[in-house]
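Down below is the structure, laid out as structure tokens.
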Amino acid sequence: MIIAETGLEQVLKTLGKLRPEELEVVEKQLTREKHKPKVSTSPKTLLEDEKYLISFEDYLALSDEEGEELKLMAYEKYRDWIYHELAKRRARWMLICKGEIIEWSPTLDDYPSREKRHAIGRQMGYAPWTFIANPVIEESYWAAVADNDFYPSLSIAFGAENWNQEDIMKRGLKFDADLDTGSGNIMLDYSLMRSKNILENQYGKETESGKHFGLPYKCYVLPVQVAIADETGKVISRIMSAICIRDWQQSPLCLVNPVRKALVGRNLLYELPLRIELDGGNRTTKILAASS
């Protein structure tokens, strides 16, 4: 049986045959190589970045500030790559663990809960990281609300995921939300929802990031109960995923309408489902009775 010598073994054999003066030359060359500045190679994608290849235990040990800084740094540094990977999969979110994209979905309605993320992280032994696609909002500066311009709205009640319809209508948050059929998302004020115990407190590692008008904002993806009464008084409700934005009043979502309390999209129309009538003359929205 032939056993091949390793490169190191061959080098050592060669060194053993050198004269002292030749060994001195080799020693000087090795010293120069040892002190030569190392060329650092930055990771090309988030999957190769060691900062996100930490153990699950180290991930749990991150403070809110550390977790949020890492998450937002990923969006800042790899945003184009993140959006490219999501678009390639036609996904609204993806979950990365152990340097792999292991789950994704075309809807935010199955965005992984904290419990699911932790279960995956515990099983794989590495930190689980979620990332979302940038929400599409088809409003622009020229449509800014002024004395002669009005944003269509819907009267909606919001409640916690485990509330029933009666709870939502009695103690939920009820107000007129701006309707943007160019958007497929519900976008809410995180602090306002927290003040009514509709949402649980979130942590830094769960922070997501988006941009509107080129300006960034921080958010969480969370389930809420959405309830709307039609013209007959019948209440239609459903649990839906919402993008809950921190520092709502200072976010770019309030640039077009500074008094905006929420922005809802076309997904309400087909997920509840709804039939609506917009009356431009009276500037009202009527929720028609559901078709039989």
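Simple scheme: letters A, B, ... for chains in structure tokens order, numbers from 1 for residues in each chain, numbers from 1 for ligands in the order shown.
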So which residues touch segment 222-234 of chain A within 6 Å, counting only C-alpha atoms, skipping near sequence neighbours fewer than 5 positions away, as a CSV table (one decimal) with all heavy atoms, in the first residue's frame?
chain,number,residue,atom,x,y,z
A,156,ILE,N,-61.9,50.9,11.9
A,156,ILE,CA,-61.4,49.6,12.3
A,156,ILE,C,-61.2,49.5,13.8
A,156,ILE,O,-60.9,50.5,14.5
A,156,ILE,CB,-60.1,49.3,11.6
A,156,ILE,CG1,-60.2,49.4,10.1
A,156,ILE,CG2,-59.6,47.9,12.0
A,156,ILE,CD1,-59.0,49.0,9.3
A,157,ALA,N,-61.4,48.3,14.4
A,157,ALA,CA,-61.1,48.1,15.8
A,157,ALA,C,-59.9,47.1,15.8
A,157,ALA,O,-59.9,46.1,15.0
A,157,ALA,CB,-62.3,47.6,16.5
A,158,PHE,N,-59.0,47.3,16.7
A,158,PHE,CA,-57.8,46.3,16.9
A,158,PHE,C,-57.8,45.8,18.3
A,158,PHE,O,-58.1,46.5,19.2
A,158,PHE,CB,-56.5,47.0,16.6
A,158,PHE,CG,-56.4,47.5,15.2
A,158,PHE,CD1,-56.6,48.8,14.8
A,158,PHE,CD2,-56.0,46.6,14.2
A,158,PHE,CE1,-56.5,49.3,13.5
A,158,PHE,CE2,-55.8,47.1,12.8
A,158,PHE,CZ,-56.1,48.4,12.5
A,159,GLY,N,-57.6,44.5,18.4
A,159,GLY,CA,-57.5,43.8,19.7
A,159,GLY,C,-56.4,42.8,19.7
A,159,GLY,O,-55.7,42.5,18.7
A,160,ALA,N,-56.1,42.3,20.9
A,160,ALA,CA,-55.1,41.2,21.1
A,160,ALA,C,-55.5,39.9,20.4
A,160,ALA,O,-56.7,39.7,20.1
A,160,ALA,CB,-54.9,41.0,22.6
A,161,GLU,N,-54.5,39.2,20.1
A,161,GLU,CA,-54.7,37.9,19.3
A,161,GLU,C,-55.7,37.0,20.0
A,161,GLU,O,-56.4,36.3,19.3
A,161,GLU,CB,-53.3,37.2,19.2
A,161,GLU,CG,-53.3,36.0,18.4
A,161,GLU,CD,-51.9,35.3,18.3
A,161,GLU,OE1,-51.0,35.8,19.1
A,161,GLU,OE2,-51.7,34.4,17.5
A,239,ILE,N,-57.6,37.3,12.8
A,239,ILE,CA,-56.2,37.5,13.2
A,239,ILE,C,-55.4,37.7,12.0
A,239,ILE,O,-55.4,36.9,11.1
A,239,ILE,CB,-55.7,36.3,14.0
A,239,ILE,CG1,-56.5,36.1,15.3
A,239,ILE,CG2,-54.2,36.5,14.4
A,239,ILE,CD1,-56.1,34.8,16.0
A,240,MET,N,-54.6,38.8,12.0
A,240,MET,CA,-53.8,39.1,10.8
A,240,MET,C,-52.4,39.6,11.3
A,240,MET,O,-52.3,40.2,12.4
A,240,MET,CB,-54.4,40.2,9.9
A,240,MET,CG,-55.8,39.8,9.4
A,240,MET,SD,-56.5,41.1,8.4
A,240,MET,CE,-55.5,41.0,6.9
A,241,SER,N,-51.4,39.4,10.5
A,241,SER,CA,-50.1,39.9,10.9
A,241,SER,C,-50.0,41.4,10.5
A,241,SER,O,-50.4,41.8,9.4
A,241,SER,CB,-49.0,39.2,10.1
A,241,SER,OG,-48.8,37.9,10.7
A,242,ALA,N,-49.4,42.2,11.4
A,242,ALA,CA,-49.2,43.6,11.2
A,242,ALA,C,-47.8,44.0,11.4
A,242,ALA,O,-47.0,43.4,12.1
A,242,ALA,CB,-50.1,44.4,12.2
A,287,ILE,N,-68.9,50.2,4.5
A,287,ILE,CA,-68.6,48.7,4.5
A,287,ILE,C,-69.9,48.0,4.1
A,287,ILE,O,-70.8,48.0,4.9
A,287,ILE,CB,-68.1,48.2,5.8
A,287,ILE,CG1,-66.9,49.1,6.3
A,287,ILE,CG2,-67.6,46.8,5.7
A,287,ILE,CD1,-65.7,49.1,5.4
A,288,LEU,N,-70.0,47.5,2.9
A,288,LEU,CA,-71.2,46.9,2.5
A,288,LEU,C,-71.4,45.5,3.1
A,288,LEU,O,-70.4,44.8,3.5
A,288,LEU,CB,-71.2,46.7,0.9
A,288,LEU,CG,-71.0,48.0,0.2
A,288,LEU,CD1,-70.9,47.7,-1.3
A,288,LEU,CD2,-72.2,49.0,0.5
A,289,ALA,N,-72.6,45.0,3.2
A,289,ALA,CA,-72.9,43.7,3.7
A,289,ALA,C,-72.1,42.6,2.9
A,289,ALA,O,-72.1,42.8,1.6
A,289,ALA,CB,-74.4,43.4,3.7
ask   = Any idea what the distance is between atom CA of Val264 of chain A and atom CA of Leu154 of chain A?
value = 8.3 Å
ask   = Could you pull out all residues of segment 13-174 of chain A with a DSSP call of strand (DSSP E) and give them as a ChimeraX atom specification?
value = /A:93-97,100-105,128-132,153-159,173-174
query = Which residue, A:Asp49, A:Asp178, A:Asp58, A:Glu66, has the smallest gap to Pro152 of chain A when you use only C-alpha atoms?
reply =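 So, comparing all the options, the nearest one is A:Asp178.
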message = For a test of reading the model, state the distance in Å between atom CA of Leu268 of chain A and atom CA of Ser251 of chain A, rounded to one decimal.
response =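 Straight-line distance from atom CA of Leu268 of chain A to atom CA of Ser251 of chain A works out to 22.9 Å.
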ask   = Please, which residues of segment 96-274 of chain A, numbered as in this document, come out alpha helix (DSSP H) from DSSP, as a PyMOL selection string?
value = chain A and resi 114-124+165-171+190-195+267-271
query = Which is closest to Tyr190 of chain A among A:Lys51, A:Arg171, A:Lys261, A:Arg238, if we use only C-alpha atoms?
reply =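 Of all the options, A:Lys261 lies closest to Tyr190 of chain A.
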